[in-house]
Amino acid sequence: MTTTDQRQVDMMLNLGPQHPATHGVFRMLLTLDGERIVDMEPHIGYLHRGSEKLCENESYGQIVTLFDRMDYIANLNNELVFVRAVERLMGLEVPERAQFIRVLLCELNRVASHLLFLGTYGLDVGAMTPVMYTFRERERIQNIFESVTGARLMHNYIRIGGIKEDVPSDFTARVRAALEFVKRGVDETDRLLSFNEVFLLRTKGVGVIDAKTAVSCGLTGPNLRASGVPYDVRKDNPYEVYPYLTFKVPVGERGDCWDRYYMRVLECHESISMIEQCLDLLPDGPTMTQTRRIARPPKGEVYVHAENPRGDIGVFLVSDGSDKPYRLKVRPPSFCNLVALRPMLLNSYVADSIAILGSIDIVLGEVDR
Amino acid sequence: MTQPPKPTPPERPARHGPPVEVAQEVFDVQGQETARLLARVVGTNALESGGRDEVPWVRVERERLPHVAERCRDDQSLRMDMLHLLLAVDYVEHLEVVYILLSTQTLRKAMLKARVPANDAQVPTATHLWEAAHWYEREVHDLFGVTFTGNPDLSPLLLYEGFEGHPGLKSFPFHDHDEF
Amino acid sequence: MIAGLKGFLTTIRWVFKRPVTANYPEEHLPVQPRYMGFPALLWDTTADEPFCTGCMVCVRECPTQCMSARMHDNPNFAAGTSHRRKIIEHFEINYNRCILCGICVDVCAFDAIEMTHEHELASYARNGARADLPILLSQGRRWMERSGWRPRNPEKNVAGVALAKRAPATAATKLDTGSGKAPSREDDA
Amino acid sequence: MSVTLLDIVWAAVGAVALVTAVSILGVSLVWLERKFLGRLQGRPGPNRVGPFGLLQPVADGIKLLWKEDVSPGPSAKVLFYVAPLLVFVPSFVVWLTIPFTRDLALRNLDTSVFFFVAFSTLSIVGVLLAGWSAASKYSVLGGFRAAAQLVSYEIPLIVIAITMVALAGSMSFVDIVEAQRTVPYIALVPLAAVLFFIAGLAEIGRTPFDIYLAESEVVGGPLVEYSGAHWAVFYLAEYGNTFLVGALTALLFLGGWSWPFGTLPAPAAVALFLTKSYFVTVLIFWVRGTYPRLRIDQMMSLGWKILIPLSFVTLVTVVVQRFYGWPSWTLTLMSLATLALAAWLQTRLQGAPARALAEKYRRDAVVVQAKPRLHREAPAAAKVEASS
């Protein structure tokens, strides 16, 4: 065997599904040349529960609980997109107060989700403190959720035709008080991590994906915007009461890990400002359209999508007129974002694989459904 | 743990009472415009068309599906550069493969559909058009058994290797699953 | 360098602040009033029997099928102390399967089930999380005492009120279902 | 000079005393690190076992000793179990020559700096063996990372040690400390202190250089397959090394047990030395609570392209200053200037562009303007579509 032949022997490294940094049960098979990644093969499906099939056997009201469990970090955003699909099929007009509360809570949930990302991304690149700070602030948001919806994670709050019940009387004051803390928490994490020399070294120029490849891979959300494509469903196809809010959509240009990270820092600030606008505009009125207890949308099919913290979530719903959907298909943003992992990953280092995977911010419950 | 069997309610006709006013399948302004552009791009390939709100759809022959999708992608007025979603619906006698296309530039959405006979579920692949098609096609192949001819890798994505059957199909037994 | 030094200042500040952690077994964080813990069955003190008639709506609507119920003829109805013809005989909730979604409470037309604040129900036995009727009722009673629970629809559901209301109309054999303008829940039945 | 029985007995007693003392110091660090990190992160840290959780390390130790000691099937068993010792022994042998005060050292060698340099490198072998013998790919990756890291960071460490030797004119720690009686060397050569601290961090594999242990990438690196007592030995060696870096920094730069206001009695001197060492150790923990982890190639380029040139610059400035007999403040000035230059370059090349980019993103975000909301006189009456 010549020396050239010996150099050809690559090492296969099985990263996951029980690896501490794969954000769930994701597995990638890395082919390594030293520490450099030559090839990569992702494996998913460890958490496949057949949610879409389950939906075909549950009534519309029950499906909301299934959507809670897809992206278990941004539950309310998930509920909203499904409920909107059914409402559009039924032609329901949702009371304005309900719409405002929905948007408000969804933006709160976006902040909570991004906070979780900021912290765990710190963990991915080896900083162990940010996660404590962001979880502390996220807890305040969870407390608000608990006081409004009765649950900390699986809310089952956004219902077809409105919301489950009106917000408690001290809601506005509580949100405003919590937002002050959350703002400080985001700033604190920003100060601690964003411009840290080592963090910049780890994330600048790592996992670069250009706009064309990103679009072709179906990347959406902050990940796509980091590559310089200003696509945001809230802006381009506004739903609920987003047209009544002024907000900024941060757009990056490099498409590297740091950009993807920083997009989320900026989005936190934007979401906080949107929540404040919602609180200012919150009208009085009913919070639920009075409909029949059991939703039976007419025959037809509909596609509705919305902006999740992780990207563009869509629901394709086929109804046959009964109380259960005939077919329900979710466009899971994390699933599509994972497609872009391979182009980002090739020719980087083992350590980068974690940084890149973390920067995409996947939730495996949604990838596998 | 044994769960007492769930009592099945007796069959009764689906009641469509007065409560829900049936939403009209109508286009909004953007939808009309998109439908017009789409009709021009798809041309004589269109077998049937329709749509609601801002999403028009066009049904084409399954062999023409990637071709039409490519034309939608490359057309200057549509520029559907993102394969937003690829899915299959099981209508028992036939399957329907649906592409949902989206443009990040013109912000238009459209659906392309193709009917696939259940006993010969084959569609040409779209992997050469979009990276995203790889996983979508593997997923649809997993769950519905649709073979995408030309796709280099249709190995199971969501299911484990050796899983028999296609759980997305209506014929797949739903209630007979083993409970852990 | 400067960013790193700022980071040092950010972290060291917390050494001089109070930790935010609550020491769990000694210190319980407050539960919000709307918190949805495990469901429990409520007790109608006026008739000294459960509210639940075993109508199976919750069992059918439960997304996880964690409940089972069986009804029998209500002896109190025959004795004239209750307006419920049927009463629950057997009810079981498997708390391991319950996902605390609150759908059972939403669909219940008899004010019989309510989400309590119970959430610390760990047990060593495999079947320790299966709550049968006595357990559910005792939890429901505790919940009623603690929260000052009021039935949402007393005319229809509280035996004392319903009987008193019905007393003038003699020999009312049919249950009065059209009370109030509450959203109709009969779609389910 | 012949070795008598008494010598052997004394050596044995000394060795046991040293191992005990260093172990206690190391174990105290376990508590200190957890408590301090906890407080940095807004947590209380250990607080269950004993007052303030002081007995937590004891509980940890009991748990570790009781754990089943497993080894992977295909591992090279002998090497697998020898490796912890190969890491443990060198890290403790170095302590032989570390003086706690002028007279309190097991062996007051005249060349104790040399002894330290010689032995501190040895533990690489143990780490590499641990990584290789465990027959896990993660540990192999970690082992090679460790070898690369430790070899490259020895050089700046040694060069800085030589610098201090040149400054003090002696290779004995005692003399070096005595030379700092009035002015600790950190005031003379702050750059050298910074470099030594950084290289020391890398040498003991602490954040931001915990690359070979990196739990989010190689899941503990060479230690990934170890459990129970063998893992505890690694752990102890790691904390021993951590304290060693603290002690060395205290000896070389902070004036060890000396005090500018005269001579202290022996117990106070030991306490002063330990205080200084603990201070540096806490600094190490503080870095851990603040910094992310470097990547292996970045760490190598940091070592070879920045630390090593800078350490040679320090050596040259010190030698030049000594040779020409310039006043010592010139040394401070030169050292600070180099440090400032390095910091300025970093900010210029890395920090400022990132901040500019962030500012640009903030500024150039696409603004979505709100549409004015249609005025509604009364709260919109929802369409009542109830079935009844």
# chains A, B, ... in the order shown; residues from 1 in each chain; ligands from 1
call {"tool": "closest_atom_pairs", "arguments": {"of": "chain C", "to": "chain D", "cutoff": "8 Å", "atoms": "only C-alpha atoms", "output": "tab-separated table"}}
result
residue	atom	partner	partner_atom	distance
C:Met1	CA	D:Ala343	CA	6.0
C:Ile2	CA	D:Thr347	CA	7.4
C:Ala3	CA	D:Gly351	CA	7.6
C:Gly4	CA	D:Tyr291	CA	7.6
C:Gly7	CA	D:Thr290	CA	6.1
C:Phe8	CA	D:Thr290	CA	6.1
C:Thr11	CA	D:Leu40	CA	5.3
C:Ile12	CA	D:Leu40	CA	5.8
C:Arg13	CA	D:Leu40	CA	7.5
C:Trp14	CA	D:Leu40	CA	5.2
C:Val15	CA	D:Arg39	CA	4.8
C:Lys17	CA	D:Gly42	CA	7.3
C:Arg18	CA	D:Gly42	CA	7.0
C:Pro19	CA	D:Gly42	CA	4.4
C:Val20	CA	D:Gly42	CA	5.9
C:Thr21	CA	D:Arg43	CA	5.6
C:Pro183	CA	D:Ala386	CA	7.2
C:Ser184	CA	D:Ser388	CA	6.7
call {"tool": "write_last_selection", "arguments": {"atoms": "N, CA, C and O atoms", "output": "PDB file, in the first residue's frame"}}
result
ATOM      1  N   MET C   1     -11.201  42.004  21.828  1.00  0.00           N
ATOM      2  CA  MET C   1     -10.722  42.194  23.201  1.00  0.00           C
ATOM      3  C   MET C   1     -11.759  42.953  24.026  1.00  0.00           C
ATOM      4  O   MET C   1     -12.130  42.541  25.109  1.00  0.00           O
ATOM      5  N   ILE C   2     -12.228  44.070  23.434  1.00  0.00           N
ATOM      6  CA  ILE C   2     -13.181  44.881  24.183  1.00  0.00           C
ATOM      7  C   ILE C   2     -14.477  44.113  24.392  1.00  0.00           C
ATOM      8  O   ILE C   2     -15.055  44.133  25.484  1.00  0.00           O
ATOM      9  N   ALA C   3     -14.898  43.405  23.346  1.00  0.00           N
ATOM     10  CA  ALA C   3     -16.139  42.633  23.470  1.00  0.00           C
ATOM     11  C   ALA C   3     -15.982  41.573  24.550  1.00  0.00           C
ATOM     12  O   ALA C   3     -16.879  41.349  25.367  1.00  0.00           O
ATOM     13  N   GLY C   4     -14.806  40.923  24.587  1.00  0.00           N
ATOM     14  CA  GLY C   4     -14.565  39.908  25.601  1.00  0.00           C
ATOM     15  C   GLY C   4     -14.616  40.502  26.993  1.00  0.00           C
ATOM     16  O   GLY C   4     -15.210  39.932  27.915  1.00  0.00           O
ATOM     17  N   GLY C   7     -18.027  41.058  28.015  1.00  0.00           N
ATOM     18  CA  GLY C   7     -18.613  39.787  28.420  1.00  0.00           C
ATOM     19  C   GLY C   7     -18.260  39.447  29.851  1.00  0.00           C
ATOM     20  O   GLY C   7     -19.105  39.004  30.636  1.00  0.00           O
ATOM     21  N   PHE C   8     -16.999  39.704  30.225  1.00  0.00           N
ATOM     22  CA  PHE C   8     -16.591  39.438  31.612  1.00  0.00           C
ATOM     23  C   PHE C   8     -17.428  40.257  32.581  1.00  0.00           C
ATOM     24  O   PHE C   8     -17.892  39.755  33.609  1.00  0.00           O
ATOM     25  N   THR C  11     -20.959  38.791  32.904  1.00  0.00           N
ATOM     26  CA  THR C  11     -21.125  37.597  33.730  1.00  0.00           C
ATOM     27  C   THR C  11     -20.886  37.893  35.195  1.00  0.00           C
ATOM     28  O   THR C  11     -21.593  37.381  36.057  1.00  0.00           O
ATOM     29  N   ILE C  12     -19.898  38.732  35.487  1.00  0.00           N
ATOM     30  CA  ILE C  12     -19.556  38.910  36.912  1.00  0.00           C
ATOM     31  C   ILE C  12     -20.661  39.648  37.642  1.00  0.00           C
ATOM     32  O   ILE C  12     -20.827  39.489  38.849  1.00  0.00           O
ATOM     33  N   ARG C  13     -21.455  40.418  36.905  1.00  0.00           N
ATOM     34  CA  ARG C  13     -22.538  41.149  37.584  1.00  0.00           C
ATOM     35  C   ARG C  13     -23.464  40.205  38.323  1.00  0.00           C
ATOM     36  O   ARG C  13     -24.009  40.535  39.364  1.00  0.00           O
ATOM     37  N   TRP C  14     -23.634  39.004  37.759  1.00  0.00           N
ATOM     38  CA  TRP C  14     -24.611  38.098  38.347  1.00  0.00           C
ATOM     39  C   TRP C  14     -24.145  37.473  39.634  1.00  0.00           C
ATOM     40  O   TRP C  14     -24.954  36.945  40.391  1.00  0.00           O
ATOM     41  N   VAL C  15     -22.828  37.527  39.874  1.00  0.00           N
ATOM     42  CA  VAL C  15     -22.334  36.980  41.140  1.00  0.00           C
ATOM     43  C   VAL C  15     -22.909  37.777  42.305  1.00  0.00           C
ATOM     44  O   VAL C  15     -23.169  37.245  43.379  1.00  0.00           O
ATOM     45  N   LYS C  17     -25.802  39.347  42.261  1.00  0.00           N
ATOM     46  CA  LYS C  17     -27.269  39.386  42.286  1.00  0.00           C
ATOM     47  C   LYS C  17     -27.790  38.106  42.919  1.00  0.00           C
ATOM     48  O   LYS C  17     -27.061  37.125  43.050  1.00  0.00           O
ATOM     49  N   ARG C  18     -29.056  38.133  43.244  1.00  0.00           N
ATOM     50  CA  ARG C  18     -29.655  36.936  43.826  1.00  0.00           C
ATOM     51  C   ARG C  18     -29.916  35.931  42.708  1.00  0.00           C
ATOM     52  O   ARG C  18     -30.418  36.299  41.655  1.00  0.00           O
ATOM     53  N   PRO C  19     -29.595  34.651  42.942  1.00  0.00           N
ATOM     54  CA  PRO C  19     -29.910  33.669  41.900  1.00  0.00           C
ATOM     55  C   PRO C  19     -31.411  33.606  41.658  1.00  0.00           C
ATOM     56  O   PRO C  19     -32.204  33.810  42.577  1.00  0.00           O
ATOM     57  N   VAL C  20     -31.778  33.330  40.421  1.00  0.00           N
ATOM     58  CA  VAL C  20     -33.202  33.315  40.097  1.00  0.00           C
ATOM     59  C   VAL C  20     -33.824  31.941  40.326  1.00  0.00           C
ATOM     60  O   VAL C  20     -35.027  31.780  40.243  1.00  0.00           O
ATOM     61  N   THR C  21     -32.979  30.952  40.629  1.00  0.00           N
ATOM     62  CA  THR C  21     -33.503  29.598  40.764  1.00  0.00           C
ATOM     63  C   THR C  21     -34.375  29.477  42.012  1.00  0.00           C
ATOM     64  O   THR C  21     -34.059  30.038  43.043  1.00  0.00           O
ATOM     65  N   PRO C 183     -74.037  28.626  24.198  1.00  0.00           N
ATOM     66  CA  PRO C 183     -73.803  28.027  22.898  1.00  0.00           C
ATOM     67  C   PRO C 183     -74.229  26.566  22.908  1.00  0.00           C
ATOM     68  O   PRO C 183     -73.925  25.820  23.835  1.00  0.00           O
ATOM     69  N   SER C 184     -74.952  26.216  21.915  1.00  0.00           N
ATOM     70  CA  SER C 184     -75.514  24.878  21.919  1.00  0.00           C
ATOM     71  C   SER C 184     -74.425  23.828  21.837  1.00  0.00           C
ATOM     72  O   SER C 184     -73.505  23.928  21.034  1.00  0.00           O
TER      73      SER C 184
END
call {"tool": "interface_residues", "arguments": {"of": "chain C", "to": "chain A", "cutoff": "7 Å", "atoms": "only C-alpha atoms", "output": "list of chain:residue names"}}
result
C:Met1, C:Ala3, C:Gly4, C:Lys6, C:Gly7, C:Thr10, C:Gln32, C:Pro33, C:Arg34, C:Tyr35, C:Met36, C:Pro63, C:Cys101, C:Arg185, C:Asp187
call {"tool": "write_last_selection", "arguments": {"atoms": "C-alpha atoms", "output": "short mmCIF file (atom, residue, chain, number, x, y, z; two decimals), in the first residue's frame"}}
result
data_model
loop_
_atom_site.label_atom_id
_atom_site.label_comp_id
_atom_site.auth_asym_id
_atom_site.auth_seq_id
_atom_site.Cartn_x
_atom_site.Cartn_y
_atom_site.Cartn_z
CA MET C 1 -10.72 42.19 23.20
CA ALA C 3 -16.14 42.63 23.47
CA GLY C 4 -14.57 39.91 25.60
CA LYS C 6 -17.66 43.43 28.20
CA GLY C 7 -18.61 39.79 28.42
CA THR C 10 -21.78 40.89 32.04
CA GLN C 32 -51.12 30.78 37.50
CA PRO C 33 -54.87 30.81 38.11
CA ARG C 34 -55.64 29.43 34.67
CA TYR C 35 -53.10 26.67 34.93
CA MET C 36 -54.40 23.41 33.52
CA PRO C 63 -57.45 13.36 21.56
CA CYS C 101 -55.37 20.02 26.56
CA ARG C 185 -73.50 21.80 22.67
CA ASP C 187 -74.12 18.98 18.15
#
call {"tool": "atom_distance", "arguments": {"atom1": "CA of Arg138 (chain B)", "atom2": "CA of Asn151 (chain B)"}}
result
8.7 Å
call {"tool": "closest_residue", "arguments": {"among": "D:Pro46, D:Pro292, D:Gly262, D:Pro90", "to": "Ala118 (chain D)", "atoms": "only C-alpha atoms"}}
result
D:Pro90
call {"tool": "residues_around", "arguments": {"residues": "region 169-176 of chain A", "least_positions_apart": "6", "cutoff": "12 Å", "atoms": "only C-alpha atoms", "output": "list in words"}}
result
Ile101, Leu104, Leu105, Glu107, Leu108, Arg140, Ile141, Gln142, Asn143, Ile144, Phe145, Glu146, Ser147, Val148, Thr149, Val182, Lys183, Ile272, Ser273, Ile275, Glu276, Gln277, Cys278, Leu279, Asp280, Leu281 and Leu282 of chain A
call {"tool": "residues_around", "arguments": {"residues": "region 161-167 of chain B", "least_positions_apart": "4", "cutoff": "6 Å", "atoms": "only C-alpha atoms", "output": "ChimeraX atom specification"}}
result
/B:143-145,172
call {"tool": "write_last_selection", "arguments": {"atoms": "N, CA and C atoms", "output": "compact mmCIF listing (two decimals), in the first residue's frame"}}
result
# COMPACT_ATOMS: atom_id res chain seq x y z
N LEU B 143 -44.16 7.54 2.13
CA LEU B 143 -45.50 7.52 2.71
C LEU B 143 -46.56 7.11 1.71
N PHE B 144 -46.31 7.33 0.41
CA PHE B 144 -47.36 7.06 -0.57
C PHE B 144 -46.94 6.09 -1.66
N GLY B 145 -45.65 5.74 -1.67
CA GLY B 145 -45.22 4.78 -2.66
C GLY B 145 -45.13 5.33 -4.06
N PHE B 172 -53.81 1.99 4.18
CA PHE B 172 -52.94 1.51 5.25
C PHE B 172 -53.74 1.45 6.54
call {"tool": "closest_residue", "arguments": {"among": "D:Leu223, D:Leu248, D:Ile124, D:Val113", "to": "Ala147 (chain D)", "atoms": "only C-alpha atoms"}}
result
D:Ile124
